[in-house]
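Chemist: What follows is the file my_file08.cif, containing mmCIF, C-alpha atoms:
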data_data
loop_
_atom_site.label_atom_id
_atom_site.label_comp_id
_atom_site.auth_asym_id
_atom_site.auth_seq_id
_atom_site.Cartn_x
_atom_site.Cartn_y
_atom_site.Cartn_z
CA MET A 133 190.26 152.31 109.33
CA SER A 134 186.92 154.12 109.47
CA LEU A 135 185.28 154.20 112.87
CA THR A 136 181.53 153.64 113.22
CA PHE A 137 179.32 155.85 115.38
CA HIS A 138 175.80 155.15 116.62
CA TRP A 139 173.46 157.44 118.56
CA PHE A 140 170.68 156.69 121.08
CA LEU A 141 166.89 156.97 121.09
CA PRO A 142 165.73 158.03 124.59
CA THR A 143 162.53 156.01 124.73
CA ASN A 144 162.25 156.74 128.46
CA GLY A 145 162.05 160.49 127.81
CA ASP A 146 164.59 163.23 127.19
CA SER A 147 165.62 166.34 129.07
CA ARG A 148 168.22 169.05 129.53
CA HIS A 149 169.03 167.12 132.70
CA VAL A 150 170.16 163.52 133.07
CA VAL A 151 167.26 161.10 132.78
CA GLY A 152 167.86 158.15 135.08
CA GLY A 153 166.60 154.61 134.86
CA GLY A 154 167.82 151.15 134.01
CA HIS A 155 169.11 148.13 135.92
CA GLY A 156 166.09 147.98 138.13
CA THR A 157 165.88 151.71 138.87
CA PRO A 158 162.89 153.76 137.66
CA ALA A 159 163.18 156.64 135.22
CA THR A 160 163.50 159.98 136.98
CA ALA A 161 160.81 162.65 136.78
CA SER A 162 162.92 164.73 134.40
CA GLY A 163 161.90 162.26 131.70
CA ARG A 164 158.65 164.21 131.43
CA ASP A 165 160.48 167.25 130.00
CA ARG A 166 160.37 165.75 126.51
CA PRO A 167 158.09 162.72 126.31
CA PRO A 168 159.29 159.91 123.99
CA THR A 169 156.74 160.53 121.26
CA VAL A 170 157.27 159.14 117.78
CA ALA A 171 157.51 162.72 116.51
CA TYR A 172 160.33 163.66 118.89
CA LEU A 173 162.23 160.40 118.54
CA SER A 174 161.96 160.73 114.75
CA GLN A 175 163.45 164.21 115.00
CA ILE A 176 166.46 162.75 116.82
CA ALA A 177 166.71 159.88 114.33
CA ARG A 178 166.65 162.19 111.32
CA ALA A 179 169.33 164.40 112.87
CA ALA A 180 171.52 161.36 113.60
CA GLU A 181 171.09 160.12 110.05
CA ASP A 182 171.98 163.50 108.55
CA LEU A 183 175.05 163.87 110.75
CA GLY A 184 176.44 160.45 109.83
CA PHE A 185 175.58 158.11 112.68
CA VAL A 186 175.11 154.60 111.28
CA GLY A 187 172.52 153.44 113.78
CA ALA A 188 170.62 154.29 116.94
CA LEU A 189 170.44 152.13 120.06
CA THR A 190 166.99 151.69 121.57
CA PRO A 191 166.96 150.35 125.17
CA THR A 192 164.83 147.64 126.70
CA GLY A 193 163.19 147.30 130.10
CA ALA A 194 160.14 148.20 132.13
CA TRP A 195 161.40 151.79 132.46
CA CYS A 196 161.12 152.66 128.73
CA GLU A 197 158.93 152.14 125.68
CA ASP A 198 159.13 148.83 123.80
CA ALA A 199 162.09 148.87 121.41
CA TRP A 200 160.62 146.77 118.60
CA LEU A 201 157.42 148.75 118.27
CA THR A 202 159.06 152.14 118.66
CA THR A 203 161.78 151.58 116.07
CA ALA A 204 159.28 150.13 113.60
CA MET A 205 157.37 153.41 113.81
CA VAL A 206 160.39 155.73 113.85
CA GLY A 207 161.90 153.83 110.92
CA GLN A 208 159.08 155.14 108.72
CA HIS A 209 160.52 158.65 109.13
CA THR A 210 164.13 157.84 108.17
CA GLU A 211 165.82 156.44 105.08
CA HIS A 212 169.22 155.01 106.01
CA LEU A 213 169.60 154.96 109.79
CA LYS A 214 169.80 151.49 111.29
CA PHE A 215 168.20 150.56 114.61
CA LEU A 216 170.17 148.72 117.27
CA VAL A 217 167.16 147.13 118.94
CA ALA A 218 167.79 145.88 122.47
CA PHE A 219 165.79 142.82 123.41
CA ARG A 220 165.80 140.11 126.07
CA PRO A 221 165.87 136.52 124.80
CA GLY A 222 163.88 135.10 127.69
CA PHE A 223 160.75 137.07 126.86
CA VAL A 224 159.92 135.65 123.41
CA SER A 225 160.49 132.31 121.73
CA PRO A 226 163.60 132.07 119.54
CA THR A 227 161.55 131.14 116.47
CA LEU A 228 159.28 134.16 116.91
CA ALA A 229 162.26 136.46 117.49
CA ALA A 230 163.96 135.15 114.35
CA GLN A 231 160.74 135.76 112.41
CA MET A 232 160.35 139.27 113.85
CA ALA A 233 163.92 140.14 112.87
CA SER A 234 163.40 138.75 109.38
CA THR A 235 160.24 140.80 108.92
CA PHE A 236 161.97 143.94 110.25
CA GLN A 237 164.79 143.50 107.74
CA ARG A 238 162.45 143.20 104.78
CA GLN A 239 160.16 146.04 105.80
CA SER A 240 162.98 148.43 106.73
CA GLY A 241 165.33 147.69 103.87
CA GLY A 242 167.89 145.83 106.00
CA ARG A 243 168.19 148.38 108.81
CA LEU A 244 168.05 146.11 111.86
CA LEU A 245 170.89 145.45 114.31
CA LEU A 246 170.22 143.38 117.44
CA ASN A 247 171.51 144.18 120.92
CA VAL A 248 171.02 141.02 122.96
CA VAL A 249 170.42 141.88 126.63
CA THR A 250 170.37 138.81 128.86
CA GLY A 251 169.11 140.79 131.88
CA GLY A 252 171.20 141.41 134.97
CA GLU A 253 168.47 141.98 137.55
CA SER A 254 166.46 138.99 138.77
CA HIS A 255 163.73 141.09 140.39
CA GLU A 256 163.06 142.86 137.08
CA GLN A 257 163.13 139.57 135.15
CA ARG A 258 160.60 138.06 137.56
CA ALA A 259 158.17 140.86 136.77
CA TYR A 260 158.14 139.48 133.22
CA GLY A 261 157.67 135.90 134.42
CA ASP A 262 161.33 134.87 134.16
CA PHE A 263 162.59 133.09 137.29
CA LEU A 264 165.97 131.77 136.14
CA ASP A 265 169.09 132.92 137.95
CA LYS A 266 171.69 135.05 136.16
CA ASP A 267 174.04 132.30 134.96
CA ASP A 268 171.14 130.22 133.69
CA ARG A 269 169.80 133.26 131.84
CA TYR A 270 173.10 133.52 130.00
CA ARG A 271 173.06 129.80 129.18
CA ARG A 272 169.53 130.19 127.85
CA THR A 273 170.75 133.11 125.75
CA GLY A 274 173.35 130.82 124.22
CA GLU A 275 170.70 128.27 123.25
CA PHE A 276 168.47 131.07 121.98
CA LEU A 277 171.16 132.47 119.68
CA GLN A 278 172.10 128.99 118.48
CA ILE A 279 168.51 128.44 117.34
CA VAL A 280 168.10 131.90 115.84
CA ARG A 281 171.37 131.71 113.90
CA LYS A 282 170.40 128.37 112.34
CA LEU A 283 166.94 129.66 111.42
CA TRP A 284 168.46 132.71 109.74
CA GLU A 285 170.63 130.35 107.71
CA GLY A 286 167.52 128.62 106.39
CA GLU A 287 167.90 125.44 108.43
CA THR A 288 165.12 123.41 110.00
CA VAL A 289 165.93 123.30 113.70
CA ASP A 290 165.29 120.61 116.29
CA LEU A 291 166.90 121.36 119.64
CA ALA A 292 166.20 120.08 123.12
CA GLY A 293 168.41 122.20 125.32
CA GLU A 294 168.64 122.76 129.04
CA HIS A 295 166.30 125.76 128.84
CA LEU A 296 164.80 125.87 125.33
CA ARG A 297 163.18 123.29 123.10
CA VAL A 298 161.98 123.62 119.51
CA GLU A 299 160.87 121.00 116.99
CA ASP A 300 160.71 121.37 113.22
CA ALA A 301 161.34 125.11 113.49
CA ARG A 302 161.85 126.90 110.18
CA LEU A 303 161.39 130.36 108.68
CA ALA A 304 159.35 130.81 105.53
CA ARG A 305 161.68 133.69 104.55
CA VAL A 306 165.15 134.29 105.92
CA PRO A 307 166.46 137.82 106.56
CA ASP A 308 168.66 139.44 103.96
CA PRO A 309 171.03 140.68 105.20
CA VAL A 310 171.25 138.67 108.41
CA PRO A 311 171.17 141.16 111.35
CA GLU A 312 174.42 141.57 113.23
CA VAL A 313 174.31 140.62 116.91
CA TYR A 314 175.71 143.03 119.52
CA PHE A 315 176.30 141.57 122.96
CA GLY A 316 177.74 142.73 126.27
CA GLY A 317 178.54 141.25 129.65
CA SER A 318 181.47 141.14 132.05
CA SER A 319 180.94 137.86 133.90
CA PRO A 320 182.73 134.63 132.88
CA VAL A 321 179.60 133.03 131.45
CA ALA A 322 178.80 136.24 129.52
CA GLY A 323 182.24 136.16 127.94
CA GLU A 324 181.72 132.55 126.90
CA ILE A 325 178.39 133.31 125.20
CA ALA A 326 179.75 136.45 123.51
CA ALA A 327 182.72 134.54 122.10
CA ARG A 328 180.43 131.91 120.57
CA HIS A 329 177.63 134.05 119.17
CA ALA A 330 178.32 137.81 119.00
CA ASP A 331 179.39 139.81 115.97
CA VAL A 332 180.19 142.88 118.08
CA TYR A 333 181.12 142.79 121.76
CA LEU A 334 179.96 145.92 123.60
CA THR A 335 181.48 147.26 126.80
CA TRP A 336 180.53 150.23 128.93
CA GLY A 337 182.89 153.18 129.10
CA GLU A 338 185.67 152.18 131.44
CA PRO A 339 189.12 153.83 131.08
CA PRO A 340 191.06 152.66 128.00
CA ALA A 341 193.43 150.39 129.93
CA GLN A 342 190.51 148.46 131.45
CA VAL A 343 188.78 148.30 128.09
CA ALA A 344 191.96 146.86 126.58
CA GLU A 345 191.91 144.09 129.19
CA LYS A 346 188.31 143.18 128.35
CA ILE A 347 189.05 143.15 124.64
CA ALA A 348 192.02 140.82 125.17
CA TRP A 349 189.82 138.53 127.29
CA ILE A 350 187.00 138.28 124.75
CA ARG A 351 189.38 138.08 121.80
CA GLY A 352 191.10 135.12 123.42
CA LEU A 353 187.82 133.33 124.11
CA ALA A 354 186.66 133.93 120.53
CA ALA A 355 189.93 132.57 119.14
CA GLN A 356 189.29 129.34 121.02
CA GLN A 357 186.02 129.11 119.05
CA GLY A 358 187.76 129.91 115.77
CA ARG A 359 185.97 133.26 115.59
CA THR A 360 186.87 136.95 115.42
CA LEU A 361 184.69 139.76 116.77
CA ARG A 362 184.53 143.52 116.46
CA PHE A 363 184.45 145.66 119.59
CA GLY A 364 182.27 148.61 120.54
CA ILE A 365 181.82 150.90 123.52
CA ARG A 366 178.78 152.59 125.06
CA LEU A 367 179.37 156.15 126.32
CA HIS A 368 177.69 159.49 126.85
CA VAL A 369 179.28 162.64 125.46
CA ILE A 370 179.48 166.33 126.36
CA THR A 371 181.49 168.21 123.75
CA ARG A 372 181.71 171.94 123.12
CA ASP A 373 183.86 174.44 121.24
CA THR A 374 186.07 174.77 124.32
CA ALA A 375 186.91 172.49 127.23
CA ARG A 376 185.72 175.16 129.66
CA GLU A 377 182.25 175.14 128.10
CA ALA A 378 182.08 171.34 128.15
CA TRP A 379 183.08 171.02 131.80
CA ALA A 380 180.69 173.82 132.72
CA GLU A 381 177.91 171.73 131.18
CA ALA A 382 179.04 168.68 133.17
CA ASP A 383 178.99 170.80 136.33
CA ARG A 384 175.49 172.01 135.49
CA LEU A 385 174.25 168.44 135.12
CA LEU A 386 175.95 167.44 138.37
CA ALA A 387 174.34 170.34 140.21
CA GLY A 388 170.95 168.94 139.22
CA PHE A 389 171.54 165.69 141.13
CA ASP A 390 169.91 166.12 144.53
CA ALA A 391 171.43 164.10 147.35
CA GLU A 392 168.34 161.98 147.98
CA THR A 393 168.07 160.92 144.31
CA VAL A 394 171.74 159.94 144.26
CA ARG A 395 171.37 158.00 147.50
CA SER A 396 168.25 156.17 146.30
CA VAL A 397 169.67 155.30 142.87
CA GLN A 398 172.98 154.11 144.31
CA ALA A 399 171.20 151.95 146.88
CA GLY A 400 169.22 150.32 144.07
CA LEU A 401 172.24 149.81 141.85
CA ALA A 402 174.25 148.33 144.72
CA ARG A 403 171.82 145.39 144.66
CA SER A 404 172.51 144.75 140.98
CA GLU A 405 173.66 141.27 139.96
CA SER A 406 175.41 142.70 136.90
CA GLU A 407 179.21 142.51 136.93
CA GLY A 408 179.30 145.38 134.44
CA GLN A 409 177.18 147.52 136.76
CA ARG A 410 179.47 146.69 139.66
CA ARG A 411 182.41 147.91 137.60
CA MET A 412 180.54 151.11 136.77
CA LEU A 413 179.82 151.78 140.45
CA ALA A 414 183.48 151.26 141.33
CA LEU A 415 184.48 154.08 138.99
CA HIS A 416 182.81 156.73 141.16
CA GLY A 417 183.09 155.01 144.52
CA GLY A 418 179.41 154.20 144.88
CA GLY A 419 178.10 157.76 144.86
CA SER A 420 180.99 160.13 145.57
CA ARG A 421 180.95 163.48 143.76
CA ASP A 422 184.73 163.79 144.10
CA GLY A 423 187.25 162.53 141.58
CA LEU A 424 184.70 161.96 138.85
CA GLU A 425 187.22 162.56 136.05
CA ILE A 426 188.55 159.01 136.16
CA HIS A 427 190.77 159.36 133.07
CA PRO A 428 191.59 162.54 131.14
CA ASN A 429 188.27 163.71 129.63
CA LEU A 430 186.35 160.65 130.92
CA TRP A 431 183.71 161.63 133.50
CA ALA A 432 181.81 159.18 135.74
CA GLY A 433 179.14 161.64 136.88
CA ILE A 434 176.27 160.22 134.81
CA GLY A 435 176.45 156.98 136.79
CA LEU A 436 175.43 158.75 139.98
CA VAL A 437 171.79 158.79 138.84
CA ARG A 438 171.63 156.35 135.93
CA GLY A 439 172.02 152.60 135.69
CA GLY A 440 174.01 151.00 132.91
CA ALA A 441 176.40 153.20 130.96
CA GLY A 442 177.55 155.83 133.46
CA THR A 443 180.53 157.60 131.91
CA ALA A 444 180.86 160.44 129.42
CA LEU A 445 183.47 161.84 127.08
CA VAL A 446 183.83 165.48 128.19
CA GLY A 447 185.91 168.23 126.64
CA GLY A 448 186.52 170.44 123.67
CA HIS A 449 186.01 168.80 120.30
CA ALA A 450 189.71 168.05 119.83
CA GLU A 451 189.99 166.53 123.32
CA VAL A 452 186.98 164.28 122.77
CA ALA A 453 188.39 163.22 119.41
CA GLY A 454 191.66 162.45 121.15
CA LEU A 455 190.02 160.15 123.70
CA ILE A 456 188.14 158.40 120.90
CA LYS A 457 191.50 157.74 119.27
CA GLU A 458 192.77 156.26 122.54
CA TYR A 459 189.90 153.79 122.52
CA ALA A 460 190.46 153.03 118.85
CA ALA A 461 194.11 152.30 119.61
CA VAL A 462 193.14 149.48 122.00
CA GLY A 463 190.71 147.92 119.52
CA ILE A 464 187.37 149.77 119.70
CA GLU A 465 185.80 150.20 116.26
CA GLU A 466 182.22 151.21 117.11
CA PHE A 467 180.98 153.91 119.48
CA VAL A 468 177.40 153.99 120.79
CA LEU A 469 176.92 157.52 122.14
CA SER A 470 174.26 159.65 123.78
CA GLY A 471 173.90 163.03 125.47
CA TYR A 472 171.38 165.30 127.17
CA PRO A 473 169.32 166.46 125.41
CA HIS A 474 169.85 163.92 122.65
CA LEU A 475 168.80 166.19 119.81
CA GLU A 476 171.15 169.07 120.59
CA GLU A 477 174.05 166.88 121.74
CA ALA A 478 173.92 164.92 118.47
CA TYR A 479 174.66 168.19 116.64
CA TRP A 480 177.45 169.19 119.01
CA PHE A 481 179.20 165.89 118.39
CA GLY A 482 178.30 165.49 114.73
CA GLU A 483 179.36 169.00 113.74
CA GLY A 484 182.24 169.35 116.20
CA VAL A 485 184.02 166.01 116.58
CA LEU A 486 183.23 163.97 113.47
CA PRO A 487 184.84 166.47 111.05
CA LEU A 488 188.07 166.30 113.08
CA LEU A 489 188.10 162.52 112.81
CA ALA A 490 187.27 162.74 109.12
CA GLY A 491 190.23 165.05 108.62
CA GLU A 492 192.52 162.36 110.03
CA GLY A 493 191.02 159.62 107.88
CA LEU A 494 189.32 157.93 110.86
CA TRP A 495 185.72 158.53 109.82
CA LYS A 496 183.64 159.13 106.72
CA HIS A 497 179.96 159.86 106.36
CA PRO A 498 178.24 156.53 105.71
CA PHE A 499 175.38 157.90 103.63
CA ARG A 500 176.95 160.52 101.38
CA ALA A 501 180.22 161.17 99.62
CA GLN A 502 180.76 164.86 100.40
CA PRO A 503 182.82 165.94 103.44
CA ALA A 504 181.20 166.38 106.83
CA HIS A 505 179.84 169.79 107.78
CA PRO A 506 182.39 172.25 109.16
CA ALA A 507 182.52 172.47 112.93
CA GLN A 508 179.98 174.88 114.32
CA ALA A 509 177.61 175.22 117.22
CA PRO A 510 174.11 173.78 116.71
CA PHE A 511 171.25 176.17 116.09
CA VAL A 512 168.60 175.68 118.72
CA SER A 513 165.46 177.79 118.50
#
Would you write out, as structure tokens, the structure that this file holds?
Modeler:
Amino acid sequence: MSLTFHWFLPTNGDSRHVVGGGHGTPATASGRDRPPTVAYLSQIARAAEDLGFVGALTPTGAWCEDAWLTTAMVGQHTEHLKFLVAFRPGFVSPTLAAQMASTFQRQSGGRLLLNVVTGGESHEQRAYGDFLDKDDRYRRTGEFLQIVRKLWEGETVDLAGEHLRVEDARLARVPDPVPEVYFGGSSPVAGEIAARHADVYLTWGEPPAQVAEKIAWIRGLAAQQGRTLRFGIRLHVITRDTAREAWAEADRLLAGFDAETVRSVQAGLARSESEGQRRMLALHGGGSRDGLEIHPNLWAGIGLVRGGAGTALVGGHAEVAGLIKEYAAVGIEEFVLSGYPHLEEAYWFGEGVLPLLAGEGLWKHPFRAQPAHPAQAPFVS
């Protein structure tokens, strides 16, 4: 088995400190350290491509740049890297979204992956003109993906659903290849939609035992639909030549979280309607700085100031590789990673951890035949 690794494009800004934002919370001021220009994001994308990451996740929301437009521009500066574009089904018509994806595939050479984000925060959705409640948003997502899938197959679609209606919908040109759909969600209705429509189910970085429970849940629901899915996980990473260096970096990041920022972010996240966000908050007790290593080499500190994915792999390269193997053992095949700053941390992971996994036959560079670079510290001018 060869594991798949994706990186992250920080379209809300990058920094040597944690950049907050997401799930209804605004991006923190540290996002101004490195603005999300096309030039800087392209630098990260080229590094990820060279190191052997298959794709790069680009987030969605009012707190960051638009994912479709940004990746279309950054894609002009890369050759092989795919873009895991996050988008919210309620904001565009399914026919238009299917057409946009088809165009992206042709113009990029088949480098689009889709991360379907239903939207867990009603107050943020309302700012975009979407007034459905959470469960109805998921049901609309199911109708949306039903339409899009049929359009991608070249069908003419007539559907009068509970939330969406199209008549005589058809694409002039279907995408080739059809983009894979990545989907996450921890509520019962989210599991139902994932089982019916997702290619890859994504979970945030809970400890391996909890991840195993979610995989079993989704796998069972998919089996009832006669389907099989792959499974991925969204994590941050802090890896260094030694564990001491890695944990020192985690401590440095933690020291940069002032008490008022933590309090404000946690108060905002506590209002979240997302079941996944609730599970993230439970990992660190809703803002406590104590006991943040919730599993060996799994650190919940990021979640103190950032919505969404709030845990990080932390340790020496061998320790991080070991935790990755733990996740692989319970069924995770794809890893969507990030780190602060994203340029330098991509090199730490790509030159430190990936060669170890390659040596055990768990990873190979997707774009070239020769072995991965030997482990070494990144050069930063």
Chemist: Could you list the residues chosen by the PyMOL selection byres ((chain A and resi 420-429) around 9) in this structure as a ChimeraX atom specification?
Modeler: /A:338-340,386,415-419,430-433,436,444-447,451-452,455
Chemist: List, as a list in words, every residue that the PyMOL selection byres ((chain A and resi 172) around 10) selects in the file provided.
Modeler: Leu141, Pro142, Thr143, Gly145, Asp146, Arg166, Pro167, Pro168, Thr169, Val170, Ala171, Leu173, Ser174, Gln175, Ile176, Ala177, Arg178, Val206 and Leu475 of chain A
Chemist: Separation of atom CA of Leu401 of chain A and atom CA of Gly439 of chain A, in Å?
Modeler: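 Rounded to one decimal, the two atoms are 6.8 Å apart.
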Chemist: At a cut-off of 6 Å, using only C-alpha atoms, what residues contact Leu216 of chain A? Leave out same-chain residues fewer than 2 positions from it and give the result as a PyMOL selection string.
Modeler: chain A and resi 188-189+245-247
Chemist: So how many Å separate atom CA of Leu334 of chain A and atom CA of Gly358 of chain A, to one decimal?
Modeler: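 About the pair atom CA of Leu334 of chain A and atom CA of Gly358 of chain A: they are 19.5 Å apart.
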Chemist: Quick one: pull the distance between atom CA of Lys496 of chain A and atom CA of Ser134 of chain A, Å, one decimal.
Modeler: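 It comes out at 6.6 Å.
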